file entry12.cif (mmCIF, C-alpha atoms)
data_my_file
loop_
_atom_site.label_atom_id
_atom_site.label_comp_id
_atom_site.auth_asym_id
_atom_site.auth_seq_id
_atom_site.Cartn_x
_atom_site.Cartn_y
_atom_site.Cartn_z
CA MET A 228 51.74 70.64 -16.25
CA ALA A 229 48.16 70.44 -14.93
CA PHE A 230 46.73 67.04 -14.04
CA PRO A 231 44.34 65.74 -16.76
CA TYR A 232 41.29 65.40 -14.51
CA MET A 233 38.77 65.07 -17.33
CA GLU A 234 40.75 62.38 -19.17
CA ALA A 235 41.20 60.47 -15.90
CA VAL A 236 37.44 60.62 -15.24
CA VAL A 237 36.59 59.37 -18.74
CA GLY A 238 39.19 56.62 -18.41
CA PHE A 239 37.73 55.42 -15.14
CA MET A 240 34.20 55.57 -16.53
CA ILE A 241 35.26 53.32 -19.40
CA LEU A 242 37.05 50.90 -17.05
CA MET A 243 33.96 50.67 -14.87
CA TYR A 244 31.81 50.12 -17.96
CA ILE A 245 34.05 47.21 -18.97
CA PHE A 246 33.97 45.73 -15.47
CA GLU A 247 30.20 46.10 -15.10
CA SER A 248 29.66 44.73 -18.60
CA TYR A 249 31.64 41.65 -17.55
CA LEU A 250 29.30 41.25 -14.57
CA ASP A 251 26.31 41.77 -16.88
CA ILE A 252 27.58 39.00 -19.16
CA ARG A 253 27.93 36.66 -16.17
CA GLN A 254 24.40 37.51 -15.12
CA HIS A 255 23.09 37.01 -18.66
CA ARG A 256 24.62 33.52 -18.70
CA ALA A 257 22.98 32.75 -15.35
CA LEU A 258 19.62 33.93 -16.67
CA LYS A 259 19.91 31.58 -19.65
CA LEU A 260 20.19 28.50 -17.42
CA PRO A 261 17.26 26.21 -18.29
CA THR A 262 16.71 24.86 -14.78
CA LEU A 263 15.70 26.29 -11.43
CA PRO A 264 18.16 26.52 -8.52
CA LYS A 265 17.79 23.45 -6.29
CA THR A 266 16.37 25.59 -3.45
CA LEU A 267 13.47 26.63 -5.68
CA GLU A 268 12.71 23.24 -7.23
CA GLY A 269 9.15 22.31 -6.34
CA VAL A 270 8.63 25.81 -4.93
CA ILE A 271 8.41 27.82 -8.16
CA SER A 272 6.30 26.43 -11.00
CA MET A 273 8.07 25.78 -14.31
CA GLU A 274 5.52 28.01 -16.04
CA LYS A 275 6.49 30.95 -13.85
CA PHE A 276 10.16 30.09 -14.22
CA GLU A 277 9.97 30.19 -18.02
CA LYS A 278 8.10 33.50 -17.92
CA SER A 279 10.62 34.92 -15.46
CA ARG A 280 13.51 33.70 -17.62
CA ALA A 281 12.08 35.32 -20.75
CA TYR A 282 11.38 38.61 -18.93
CA SER A 283 14.83 38.74 -17.32
CA LEU A 284 16.59 38.00 -20.62
CA ASP A 285 14.61 40.72 -22.38
CA LYS A 286 15.59 43.24 -19.70
CA SER A 287 19.19 42.05 -19.83
CA CYS A 288 19.46 42.58 -23.60
CA PHE A 289 17.87 46.01 -23.27
CA HIS A 290 20.30 46.85 -20.47
CA PHE A 291 23.31 46.06 -22.70
CA VAL A 292 22.07 48.48 -25.36
CA HIS A 293 21.16 51.20 -22.85
CA GLU A 294 24.50 51.01 -21.04
CA LEU A 295 26.48 51.12 -24.30
CA PHE A 296 24.55 54.21 -25.41
CA THR A 297 25.05 55.82 -21.99
CA ILE A 298 28.82 55.35 -21.86
CA LEU A 299 29.24 56.57 -25.43
CA MET A 300 27.09 59.64 -24.79
CA ASP A 301 28.65 60.48 -21.40
CA SER A 302 32.19 60.10 -22.78
CA ALA A 303 31.35 62.24 -25.80
CA ILE A 304 29.81 64.94 -23.59
CA LEU A 305 33.04 65.22 -21.59
CA LEU A 306 35.55 64.75 -24.40
CA CYS A 307 33.75 67.11 -26.78
CA ALA A 308 33.25 69.80 -24.11
CA VAL A 309 29.46 69.74 -24.41
CA LEU A 310 28.94 71.07 -20.87
CA PRO A 311 30.99 74.27 -21.46
CA TRP A 312 29.14 74.70 -24.76
CA LEU A 313 25.77 74.41 -23.02
CA TRP A 314 26.93 76.89 -20.38
CA LYS A 315 27.79 79.39 -23.15
CA ILE A 316 24.59 78.70 -25.10
CA SER A 317 22.45 79.22 -21.99
CA ALA A 318 24.11 82.63 -21.48
CA ASP A 319 23.35 83.55 -25.10
CA TYR A 320 19.69 82.61 -24.61
CA LEU A 321 19.46 84.80 -21.51
CA VAL A 322 20.84 87.77 -23.44
CA TYR A 323 18.46 87.04 -26.33
CA PHE A 324 15.48 87.22 -23.96
CA GLY A 325 16.76 90.40 -22.35
CA LEU A 326 18.07 88.85 -19.15
CA SER A 327 21.48 89.23 -17.55
CA ALA A 328 23.95 86.40 -18.00
CA GLU A 329 26.09 87.92 -15.25
CA ASN A 330 23.67 86.72 -12.58
CA GLU A 331 24.91 83.24 -11.70
CA ILE A 332 21.52 82.05 -10.45
CA THR A 333 19.63 82.87 -13.66
CA HIS A 334 22.55 81.59 -15.75
CA THR A 335 22.55 78.31 -13.82
CA LEU A 336 18.79 77.88 -14.19
CA ALA A 337 19.05 78.46 -17.94
CA PHE A 338 21.86 75.89 -18.10
CA LEU A 339 19.76 73.38 -16.16
CA ALA A 340 16.85 73.98 -18.55
CA CYS A 341 19.13 73.08 -21.49
CA VAL A 342 20.41 69.96 -19.69
CA THR A 343 16.86 68.90 -18.79
CA ILE A 344 15.66 69.23 -22.38
CA TRP A 345 18.66 67.22 -23.56
CA SER A 346 18.06 64.53 -20.95
CA GLN A 347 14.36 64.25 -21.78
CA ILE A 348 15.11 63.84 -25.48
CA THR A 349 17.80 61.19 -24.99
CA ASP A 350 15.99 59.27 -22.23
CA LEU A 351 12.51 59.23 -23.76
CA PRO A 352 13.08 56.50 -26.41
CA PHE A 353 14.49 54.12 -23.80
CA ALA A 354 11.69 54.86 -21.33
CA LEU A 355 9.06 54.29 -24.02
CA TYR A 356 10.63 51.03 -25.17
CA SER A 357 11.04 49.73 -21.62
CA THR A 358 7.45 50.58 -20.67
CA PHE A 359 5.47 49.89 -23.84
CA VAL A 360 7.51 47.05 -25.33
CA ILE A 361 9.27 45.04 -22.60
CA GLU A 362 6.86 45.65 -19.71
CA SER A 363 3.83 45.29 -22.00
CA ARG A 364 5.17 42.13 -23.64
CA HIS A 365 5.38 40.43 -20.24
CA GLY A 366 2.05 41.68 -18.92
CA PHE A 367 3.25 44.31 -16.46
CA ASN A 368 2.52 47.65 -18.09
CA LYS A 369 -0.94 49.06 -17.41
CA GLN A 370 -0.25 52.62 -18.57
CA THR A 371 -1.66 54.29 -21.62
CA ILE A 372 0.62 56.56 -23.62
CA TRP A 373 -1.44 59.49 -22.34
CA LEU A 374 -0.90 58.53 -18.70
CA PHE A 375 2.83 58.08 -19.38
CA LEU A 376 3.11 61.54 -20.96
CA ARG A 377 0.94 63.10 -18.26
CA ASP A 378 3.25 61.73 -15.54
CA MET A 379 6.27 63.03 -17.43
CA ILE A 380 4.73 66.50 -17.79
CA LYS A 381 3.79 66.57 -14.11
CA GLY A 382 7.38 65.63 -13.21
CA ILE A 383 8.75 68.47 -15.36
CA ILE A 384 6.33 70.99 -13.83
CA LEU A 385 7.29 69.90 -10.32
CA SER A 386 10.98 70.29 -11.21
CA VAL A 387 10.31 73.80 -12.50
CA ILE A 388 8.48 74.70 -9.28
CA ILE A 389 10.78 73.02 -6.75
CA GLY A 390 14.16 73.16 -8.47
CA PRO A 391 14.91 76.89 -8.85
CA PRO A 392 14.56 77.84 -5.15
CA ILE A 393 16.80 74.91 -4.15
CA VAL A 394 19.43 75.76 -6.78
CA ALA A 395 19.35 79.44 -5.82
CA ALA A 396 19.76 78.59 -2.13
CA ILE A 397 22.76 76.33 -2.80
CA ILE A 398 24.47 79.01 -4.91
CA VAL A 399 23.96 81.67 -2.22
CA ILE A 400 25.24 79.32 0.50
CA VAL A 401 28.39 78.52 -1.48
CA GLN A 402 29.00 82.19 -2.27
CA LYS A 403 28.64 83.26 1.36
CA GLY A 404 29.55 80.05 3.22
CA GLY A 405 33.12 80.84 4.15
CA PRO A 406 35.15 78.30 6.16
CA TYR A 407 32.03 76.49 7.41
CA LEU A 408 30.60 75.96 3.94
CA ALA A 409 30.42 72.15 4.23
CA ILE A 410 28.40 72.42 7.46
CA TYR A 411 26.01 75.00 5.98
CA LEU A 412 25.46 72.91 2.85
CA TRP A 413 24.84 69.80 4.92
CA ALA A 414 22.43 71.65 7.23
CA PHE A 415 20.49 72.95 4.23
CA MET A 416 20.26 69.50 2.62
CA PHE A 417 19.31 67.95 5.98
CA VAL A 418 16.40 70.37 6.44
CA LEU A 419 15.44 69.96 2.78
CA SER A 420 15.36 66.17 3.09
CA LEU A 421 13.09 66.41 6.16
CA VAL A 422 10.77 68.83 4.37
CA MET A 423 10.61 66.65 1.26
CA MET A 424 10.05 63.48 3.28
CA THR A 425 7.14 65.27 4.95
CA LEU A 426 5.62 66.88 1.87
CA TYR A 427 6.21 64.17 -0.74
CA PRO A 428 3.68 61.60 0.55
CA VAL A 429 1.11 64.30 1.34
CA LEU A 430 1.36 66.68 -1.63
CA ILE A 431 3.47 65.12 -4.40
CA ALA A 432 2.75 61.38 -4.43
CA PRO A 433 -1.07 61.95 -4.64
CA LEU A 434 -0.49 63.83 -7.91
CA PHE A 435 0.57 60.53 -9.48
CA ASN A 436 -1.36 57.89 -7.54
CA LYS A 437 -4.57 57.57 -5.57
CA PHE A 438 -4.17 56.71 -1.88
CA THR A 439 -7.23 55.33 -0.10
CA PRO A 440 -7.58 53.97 3.45
CA LEU A 441 -7.40 50.19 3.66
CA PRO A 442 -11.03 49.08 4.11
CA GLU A 443 -12.16 47.71 7.43
CA GLY A 444 -11.76 43.97 7.60
CA GLU A 445 -9.60 41.11 8.77
CA LEU A 446 -6.46 42.29 6.95
CA ARG A 447 -6.64 45.77 8.42
CA THR A 448 -7.27 44.36 11.89
CA LYS A 449 -4.30 42.00 11.67
CA ILE A 450 -1.94 44.76 10.54
CA GLU A 451 -3.14 47.15 13.23
CA ASN A 452 -2.79 44.47 15.90
CA LEU A 453 0.73 43.67 14.69
CA ALA A 454 1.70 47.35 14.78
CA ALA A 455 0.20 47.76 18.26
CA SER A 456 2.06 44.70 19.58
CA LEU A 457 5.35 46.26 18.45
CA LYS A 458 4.33 49.73 19.68
CA PHE A 459 4.63 51.03 16.13
CA PRO A 460 2.80 54.42 16.06
CA LEU A 461 0.63 53.60 13.04
CA LYS A 462 -1.64 56.54 12.24
CA LYS A 463 -2.83 55.71 8.73
CA LEU A 464 -2.98 52.59 6.58
CA PHE A 465 -3.30 53.21 2.84
CA VAL A 466 -3.76 51.26 -0.38
CA VAL A 467 -2.19 52.85 -3.47
CA ASP A 468 -3.48 52.16 -6.97
CA GLY A 469 -0.20 50.84 -8.35
CA SER A 470 -2.18 48.68 -10.77
CA THR A 471 -2.98 51.75 -12.89
CA ARG A 472 0.63 51.76 -14.07
CA SER A 473 2.07 48.31 -13.43
CA SER A 474 1.25 44.91 -12.01
CA HIS A 475 4.48 44.90 -9.98
CA SER A 476 3.80 44.88 -6.24
CA ASN A 477 5.33 46.44 -3.15
CA ALA A 478 4.72 47.85 0.34
CA TYR A 479 6.45 50.57 2.33
CA MET A 480 6.17 52.76 5.40
CA TYR A 481 7.06 56.37 6.05
CA GLY A 482 6.64 59.19 8.55
CA PHE A 483 8.41 60.76 11.51
CA PHE A 484 8.30 60.02 15.20
CA LYS A 485 4.71 59.28 16.32
CA ASN A 486 3.11 59.78 12.92
CA LYS A 487 3.83 56.61 10.91
CA ARG A 488 1.98 55.40 7.86
CA ILE A 489 1.99 52.12 5.93
CA VAL A 490 1.19 51.90 2.23
CA LEU A 491 0.20 48.67 0.45
CA TYR A 492 0.11 48.37 -3.31
CA ASP A 493 -3.26 47.07 -4.48
CA THR A 494 -1.34 44.56 -6.58
CA LEU A 495 0.23 43.11 -3.43
CA ILE A 496 -3.19 42.48 -1.92
CA GLN A 497 -4.44 40.98 -5.18
CA GLN A 498 -1.44 38.67 -5.59
CA CYS A 499 -1.21 37.42 -2.00
CA LYS A 500 -4.55 35.69 -1.60
CA ASP A 501 -3.62 34.59 1.91
CA GLU A 502 -3.81 37.64 4.19
CA GLU A 503 -1.12 36.14 6.43
CA GLU A 504 1.37 36.59 3.56
CA VAL A 505 0.62 40.31 3.38
CA VAL A 506 0.92 40.62 7.16
CA ALA A 507 4.25 38.75 7.03
CA VAL A 508 5.56 41.24 4.45
CA ILE A 509 4.49 44.07 6.77
CA ALA A 510 6.18 42.29 9.69
CA HIS A 511 9.40 42.32 7.66
CA GLU A 512 9.02 46.06 7.03
CA LEU A 513 8.29 46.71 10.69
CA GLY A 514 11.43 44.73 11.49
CA HIS A 515 13.43 47.42 9.71
CA TRP A 516 11.82 50.02 11.98
CA LYS A 517 12.16 48.01 15.20
CA LEU A 518 15.82 47.23 14.48
CA ASN A 519 16.51 50.90 13.68
CA HIS A 520 17.63 50.13 10.13
CA THR A 521 15.90 53.25 8.80
CA LEU A 522 17.63 55.41 11.41
CA TYR A 523 21.04 53.86 10.74
CA SER A 524 20.63 54.38 7.00
CA PHE A 525 19.56 57.99 7.50
CA VAL A 526 22.54 58.72 9.75
CA ALA A 527 24.91 57.05 7.27
CA VAL A 528 23.55 59.22 4.46
CA GLN A 529 24.06 62.35 6.58
CA ILE A 530 27.67 61.41 7.34
CA LEU A 531 28.37 60.72 3.67
CA THR A 532 26.75 64.04 2.74
CA VAL A 533 29.00 65.96 5.16
CA LEU A 534 32.09 64.18 3.81
CA GLN A 535 30.99 64.84 0.24
CA PHE A 536 30.52 68.56 0.82
CA GLY A 537 33.79 68.63 2.73
CA GLY A 538 35.56 67.19 -0.30
CA TYR A 539 33.83 69.70 -2.56
CA THR A 540 35.09 72.64 -0.48
CA LEU A 541 38.66 71.40 -1.00
CA VAL A 542 38.46 71.53 -4.80
CA ARG A 543 35.84 74.18 -5.58
CA ASN A 544 38.50 76.87 -6.14
CA SER A 545 40.80 74.69 -8.25
CA LYS A 546 41.23 76.47 -11.60
CA ASP A 547 43.04 73.45 -13.03
CA LEU A 548 40.04 71.22 -12.28
CA PHE A 549 37.57 73.54 -14.02
CA GLN A 550 39.89 74.18 -16.97
CA SER A 551 40.42 70.45 -17.44
CA PHE A 552 36.68 70.15 -18.12
CA GLY A 553 36.71 73.19 -20.45
CA PHE A 554 35.49 75.96 -18.12
CA ASP A 555 37.24 79.33 -17.82
CA THR A 556 35.01 80.42 -14.93
CA GLN A 557 34.07 78.56 -11.75
CA PRO A 558 30.25 78.46 -11.39
CA VAL A 559 28.90 76.78 -8.25
CA LEU A 560 26.70 74.18 -9.94
CA ILE A 561 29.38 73.29 -12.47
CA GLY A 562 31.81 72.79 -9.59
CA LEU A 563 29.38 70.37 -7.94
CA ILE A 564 28.89 68.46 -11.20
CA ILE A 565 32.63 68.22 -11.82
CA PHE A 566 33.24 67.12 -8.24
CA GLN A 567 30.64 64.37 -8.62
CA HIS A 568 32.52 63.11 -11.67
CA THR A 569 35.92 63.20 -9.97
CA VAL A 570 34.75 61.13 -6.98
CA ILE A 571 33.15 58.39 -9.10
CA PRO A 572 35.68 55.78 -7.82
CA LEU A 573 34.72 56.52 -4.21
CA GLN A 574 31.02 56.52 -5.09
CA HIS A 575 31.29 52.99 -6.47
CA LEU A 576 33.02 51.80 -3.30
CA VAL A 577 30.46 53.51 -1.06
CA SER A 578 27.58 52.07 -3.10
CA PHE A 579 29.03 48.58 -2.80
CA GLY A 580 29.46 49.01 0.96
CA LEU A 581 25.89 50.27 1.38
CA ASN A 582 24.60 47.28 -0.58
CA LEU A 583 26.42 44.94 1.78
CA VAL A 584 24.82 46.64 4.78
CA SER A 585 21.40 46.67 3.11
CA ARG A 586 21.55 42.92 2.43
CA ALA A 587 22.49 42.29 6.06
CA PHE A 588 19.49 44.41 7.12
CA GLU A 589 17.17 42.36 4.88
CA PHE A 590 18.31 39.10 6.49
CA GLN A 591 17.78 40.64 9.94
CA ALA A 592 14.28 41.86 9.04
CA ASP A 593 13.40 38.39 7.74
CA ALA A 594 14.64 36.88 10.99
CA PHE A 595 12.58 39.43 12.95
CA ALA A 596 9.39 38.46 11.09
CA LYS A 597 10.21 34.81 11.68
CA LYS A 598 10.53 35.37 15.45
CA LEU A 599 7.05 36.87 15.39
CA GLY A 600 5.75 33.58 14.03
CA TYR A 601 5.49 34.49 10.36
CA ALA A 602 8.19 32.15 9.00
CA SER A 603 5.94 30.05 6.77
CA ALA A 604 3.81 33.02 5.70
CA LEU A 605 6.90 35.10 4.94
CA ARG A 606 8.42 32.27 2.95
CA ALA A 607 5.20 31.90 0.98
CA GLY A 608 4.92 35.66 0.52
CA LEU A 609 8.47 36.00 -0.75
CA VAL A 610 7.90 33.17 -3.22
CA LYS A 611 4.61 34.73 -4.37
CA LEU A 612 6.23 38.13 -4.92
CA GLN A 613 9.12 36.50 -6.80
CA GLU A 614 6.68 34.64 -9.05
CA GLU A 615 4.25 37.50 -9.67
CA ASN A 616 7.02 40.04 -10.34
CA LEU A 617 8.85 37.50 -12.56
CA SER A 618 12.07 38.30 -10.72
CA ALA A 619 15.24 36.52 -11.81
CA MET A 620 15.42 33.01 -10.37
CA ASN A 621 19.06 32.33 -11.29
CA THR A 622 21.55 35.02 -10.32
CA ASP A 623 25.30 35.20 -10.69
CA PRO A 624 26.93 35.55 -7.24
CA TRP A 625 29.38 38.24 -8.40
CA TYR A 626 26.63 40.24 -10.08
CA SER A 627 24.26 40.08 -7.11
CA ALA A 628 27.04 40.90 -4.63
CA TYR A 629 27.90 44.04 -6.60
CA HIS A 630 24.44 45.26 -7.63
CA TYR A 631 21.76 43.90 -5.30
CA SER A 632 20.64 45.81 -2.22
CA HIS A 633 18.32 42.86 -1.43
CA PRO A 634 19.55 39.23 -1.27
CA PRO A 635 18.26 36.91 -4.01
CA LEU A 636 15.28 34.73 -3.06
CA VAL A 637 17.47 31.61 -2.93
CA GLU A 638 19.64 33.17 -0.21
CA ARG A 639 16.68 34.49 1.79
CA LEU A 640 14.90 31.13 1.80
CA ALA A 641 18.15 29.36 2.69
CA ALA A 642 18.64 31.75 5.63
CA ILE A 643 15.10 31.12 6.92
CA ASP A 644 15.51 27.35 6.52
CA LYS A 645 18.91 27.46 8.24
CA SER A 646 17.48 29.26 11.25
CA ASP A 647 14.65 26.72 11.31
CA LYS A 648 17.15 23.87 11.50
CA LYS A 649 19.07 25.59 14.29
CA GLU A 650 15.91 25.88 16.35
CA ASP A 651 15.04 22.24 15.65
#
call {"tool": "encode", "arguments": {"input": "entry12.cif", "output": "C-alpha cells"}}
result
Amino acid sequence: MAFPYMEAVVGFMILMYIFESYLDIRQHRALKLPTLPKTLEGVISMEKFEKSRAYSLDKSCFHFVHELFTILMDSAILLCAVLPWLWKISADYLVYFGLSAENEITHTLAFLACVTIWSQITDLPFALYSTFVIESRHGFNKQTIWLFLRDMIKGIILSVIIGPPIVAAIIVIVQKGGPYLAIYLWAFMFVLSLVMMTLYPVLIAPLFNKFTPLPEGELRTKIENLAASLKFPLKKLFVVDGSTRSSHSNAYMYGFFKNKRIVLYDTLIQQCKDEEEVVAVIAHELGHWKLNHTLYSFVAVQILTVLQFGGYTLVRNSKDLFQSFGFDTQPVLIGLIIFQHTVIPLQHLVSFGLNLVSRAFEFQADAFAKKLGYASALRAGLVKLQEENLSAMNTDPWYSAYHYSHPPLVERLAAIDKSDKKED
C-alpha cells in the first residue's frame, strides 16, 4: 500500500499551525502587558509604549484571523485535490484558445496563470485591510488606493515578463538534466540570482520608488568618510522615497565586488534628527559587510539550494508521490511544488537555524559599530527606530526565538550595556 504523502503533509501543516498558534498566544499575552520591560523604563516614553502596544495588538489579532484562513484554505486545496483540478482546467483553456495542452511549458504557464489569479483574489482582502485599516489607523500608511493598485498591477506585469522564461528554462533543464540535474538546476538558479541582484536595484526597484542621490552635506560626508575608513567600495549613496507608501524606516546596502551602494529611507533621515544616529545605523550595516555576514549567508543559501535540488531529484520520478496528491502525470513544476510540501518539516528546522545565525550576526554587527565609537549613537538610533516604527516592546522569549531574525531591542541594548561594563 502506497504511503499517504498528502495526508502526512496536511497533518504536519495542522500540527505546525497548532504549535505556532500557541506561540502566537504567548506573544499576544506579552503584548498585553501594561508596563515596559525594565531595560526600557525611562528610555521609551509611555506615550510611544501605549501606541506601540495598540499597534502590535491590532496586528496580532489580524494575524490570528489570517493564519486561520490560510491553514483552512491550504488544507482544503490539498484534501479536495484543487491543484489537479487547476491543472486539468488550465489544459482545457489552452485547447479552447487553440493551443496545445501537450506542450508542458505552455500547460505549466496556463496553470501558473490560474494559480496567480486565485492567489490575487484570496490575498487582496487581507492586503487591503492590513494597509488601509491597520497601517492607516496607526499613522503608517501613506498610500492611496490608486498607488496600491498600480503597484499590484506593475508586480503582475513584471511576473508575466520575467516568469515564463524562467519557468521554461527550469522545465527544459529537468527534462534534459540527466544524472547531474541537481547541479544544473543550482547553476541556473545561481546565475539567475546574480542577474536579479544586479538588475533589481537598477531596473525594477525604480519602477516602484524614486531613488535620488543623498544631497551634499554633513551627513553624506560622514557616511563617505566612514565607508572610506573601512575600505568599503561605496560608489553611490541614495535616498529612497519610502514615505510615499509608509512611514516605516530602514536602510540597506547592495552591489557586487567594487560597486557597492547604500540606500537610506527618507523616513530614517526624518526620524533620526541627530545625524550620528543615522551614521551609527550605517556602521551597523557596514559591520555585516566587514564581518562577511552577507557572504556567509549567500554561501549558506547556495548549499541549501543544492541540497534541495538533490532531494528533488530523488523523488521527482515517484509515481506514488504524485498520485498521493491526485496527479496521474508527473509535470516538472508540479513535482517541485509537491516536493516543497513534503520537506516542510525540514524547512521549519532550517528556518529556525538561520534565524539563530542571523541573530548572532546582528549582535556582532552592533558590537562592530560600538568598536568604531558609535555605541551611544547606535543605542539612541535603535531606540528611535523602535519608537517610530512602534515595534513591540514586550516579546515572549519562545516566540522571538522561533520567529525573529533580529534580536528584540531589550536584548540588543542589554548586549551593548554588557560590553560597556566589561570594558569598564
call {"tool": "resolve_selection", "arguments": {"input": "entry12.cif", "expression": "the PyMOL selection byres ((chain A and resi 595) around 9)", "output": "VMD selection string"}}
result
chain A and resid 510 to 511 513 to 515 517 to 518 590 to 594 596 to 599
call {"tool": "closest_residue", "arguments": {"input": "entry12.cif", "among": "A:Val584, A:Leu560, A:Val360, A:Leu453", "to": "A:His520", "atoms": "all atoms listed in the file"}}
result
A:Val584
call {"tool": "residues_around", "arguments": {"input": "entry12.cif", "residues": "A:Gly538", "least_positions_apart": "4", "cutoff": "9 Å", "atoms": "all atoms listed in the file", "output": "PDB file with C-alpha atoms, in the coordinates of the input"}}
result
ATOM      1  CA  ALA A 409      30.420  72.150   4.230  1.00  0.00           C
ATOM      2  CA  VAL A 533      29.000  65.960   5.160  1.00  0.00           C
ATOM      3  CA  LEU A 534      32.090  64.180   3.810  1.00  0.00           C
ATOM      4  CA  VAL A 542      38.460  71.530  -4.800  1.00  0.00           C
ATOM      5  CA  ARG A 543      35.840  74.180  -5.580  1.00  0.00           C
ATOM      6  CA  PHE A 566      33.240  67.120  -8.240  1.00  0.00           C
TER       7      PHE A 566
END
call {"tool": "resolve_selection", "arguments": {"input": "entry12.cif", "expression": "the PyMOL selection byres ((chain A and resi 583) around 10)", "output": "VMD selection string"}}
result
chain A and resid 577 to 582 584 to 588 628 to 634
call {"tool": "atom_distance", "arguments": {"input": "entry12.cif", "atom1": "atom CA of A:Gln535", "atom2": "atom CA of A:Leu426"}}
result
25.5 Å
call {"tool": "atom_distance", "arguments": {"input": "entry12.cif", "atom1": "atom CA of A:Trp413", "atom2": "atom CA of A:Ile384"}}
result
26.4 Å
call {"tool": "resolve_selection", "arguments": {"input": "entry12.cif", "expression": "the PyMOL selection byres ((chain A and resi 315) around 12)", "output": "JSON, numbers by chain"}}
result
{"A": [308, 309, 310, 311, 312, 313, 314, 316, 317, 318, 319, 320, 321, 322, 328, 329, 334, 335, 337, 338, 341, 553, 554, 555, 556]}
call {"tool": "build_atoms", "arguments": {"input": "entry12.cif", "residues": "stretch 242-260 of chain A", "atoms": "N, CA and C atoms", "output": "PDB file, in the frame of the given file"}}
result
ATOM      1  N   LEU A 242      36.626  52.101 -17.789  1.00  0.00           N
ATOM      2  CA  LEU A 242      37.050  50.900 -17.050  1.00  0.00           C
ATOM      3  C   LEU A 242      35.890  50.308 -16.267  1.00  0.00           C
ATOM      4  N   MET A 243      35.111  51.160 -15.627  1.00  0.00           N
ATOM      5  CA  MET A 243      33.960  50.670 -14.870  1.00  0.00           C
ATOM      6  C   MET A 243      32.900  50.077 -15.798  1.00  0.00           C
ATOM      7  N   TYR A 244      32.757  50.675 -16.986  1.00  0.00           N
ATOM      8  CA  TYR A 244      31.810  50.120 -17.960  1.00  0.00           C
ATOM      9  C   TYR A 244      32.243  48.714 -18.366  1.00  0.00           C
ATOM     10  N   ILE A 245      33.539  48.534 -18.587  1.00  0.00           N
ATOM     11  CA  ILE A 245      34.050  47.210 -18.970  1.00  0.00           C
ATOM     12  C   ILE A 245      33.831  46.206 -17.845  1.00  0.00           C
ATOM     13  N   PHE A 246      34.143  46.620 -16.617  1.00  0.00           N
ATOM     14  CA  PHE A 246      33.970  45.730 -15.470  1.00  0.00           C
ATOM     15  C   PHE A 246      32.500  45.362 -15.276  1.00  0.00           C
ATOM     16  N   GLU A 247      31.626  46.368 -15.313  1.00  0.00           N
ATOM     17  CA  GLU A 247      30.200  46.100 -15.100  1.00  0.00           C
ATOM     18  C   GLU A 247      29.598  45.320 -16.263  1.00  0.00           C
ATOM     19  N   SER A 248      30.130  45.521 -17.464  1.00  0.00           N
ATOM     20  CA  SER A 248      29.660  44.730 -18.600  1.00  0.00           C
ATOM     21  C   SER A 248      30.049  43.255 -18.424  1.00  0.00           C
ATOM     22  N   TYR A 249      31.228  43.027 -17.849  1.00  0.00           N
ATOM     23  CA  TYR A 249      31.640  41.650 -17.550  1.00  0.00           C
ATOM     24  C   TYR A 249      30.661  41.005 -16.563  1.00  0.00           C
ATOM     25  N   LEU A 250      30.280  41.760 -15.531  1.00  0.00           N
ATOM     26  CA  LEU A 250      29.300  41.250 -14.570  1.00  0.00           C
ATOM     27  C   LEU A 250      27.949  41.014 -15.257  1.00  0.00           C
ATOM     28  N   ASP A 251      27.574  41.925 -16.154  1.00  0.00           N
ATOM     29  CA  ASP A 251      26.310  41.770 -16.880  1.00  0.00           C
ATOM     30  C   ASP A 251      26.316  40.501 -17.734  1.00  0.00           C
ATOM     31  N   ILE A 252      27.464  40.211 -18.343  1.00  0.00           N
ATOM     32  CA  ILE A 252      27.580  39.000 -19.160  1.00  0.00           C
ATOM     33  C   ILE A 252      27.444  37.758 -18.286  1.00  0.00           C
ATOM     34  N   ARG A 253      28.077  37.779 -17.118  1.00  0.00           N
ATOM     35  CA  ARG A 253      27.930  36.660 -16.170  1.00  0.00           C
ATOM     36  C   ARG A 253      26.473  36.474 -15.774  1.00  0.00           C
ATOM     37  N   GLN A 254      25.802  37.589 -15.501  1.00  0.00           N
ATOM     38  CA  GLN A 254      24.400  37.510 -15.120  1.00  0.00           C
ATOM     39  C   GLN A 254      23.537  37.004 -16.282  1.00  0.00           C
ATOM     40  N   HIS A 255      23.847  37.453 -17.483  1.00  0.00           N
ATOM     41  CA  HIS A 255      23.090  37.010 -18.660  1.00  0.00           C
ATOM     42  C   HIS A 255      23.216  35.493 -18.836  1.00  0.00           C
ATOM     43  N   ARG A 256      24.417  34.974 -18.608  1.00  0.00           N
ATOM     44  CA  ARG A 256      24.620  33.520 -18.700  1.00  0.00           C
ATOM     45  C   ARG A 256      23.806  32.795 -17.630  1.00  0.00           C
ATOM     46  N   ALA A 257      23.764  33.366 -16.434  1.00  0.00           N
ATOM     47  CA  ALA A 257      22.980  32.750 -15.350  1.00  0.00           C
ATOM     48  C   ALA A 257      21.493  32.746 -15.698  1.00  0.00           C
ATOM     49  N   LEU A 258      21.026  33.831 -16.309  1.00  0.00           N
ATOM     50  CA  LEU A 258      19.620  33.930 -16.670  1.00  0.00           C
ATOM     51  C   LEU A 258      19.236  32.918 -17.749  1.00  0.00           C
ATOM     52  N   LYS A 259      20.191  32.520 -18.563  1.00  0.00           N
ATOM     53  CA  LYS A 259      19.910  31.580 -19.650  1.00  0.00           C
ATOM     54  C   LYS A 259      19.844  30.130 -19.178  1.00  0.00           C
ATOM     55  N   LEU A 260      20.230  29.878 -17.923  1.00  0.00           N
ATOM     56  CA  LEU A 260      20.190  28.500 -17.420  1.00  0.00           C
ATOM     57  C   LEU A 260      18.766  27.955 -17.509  1.00  0.00           C
TER      58      LEU A 260
END
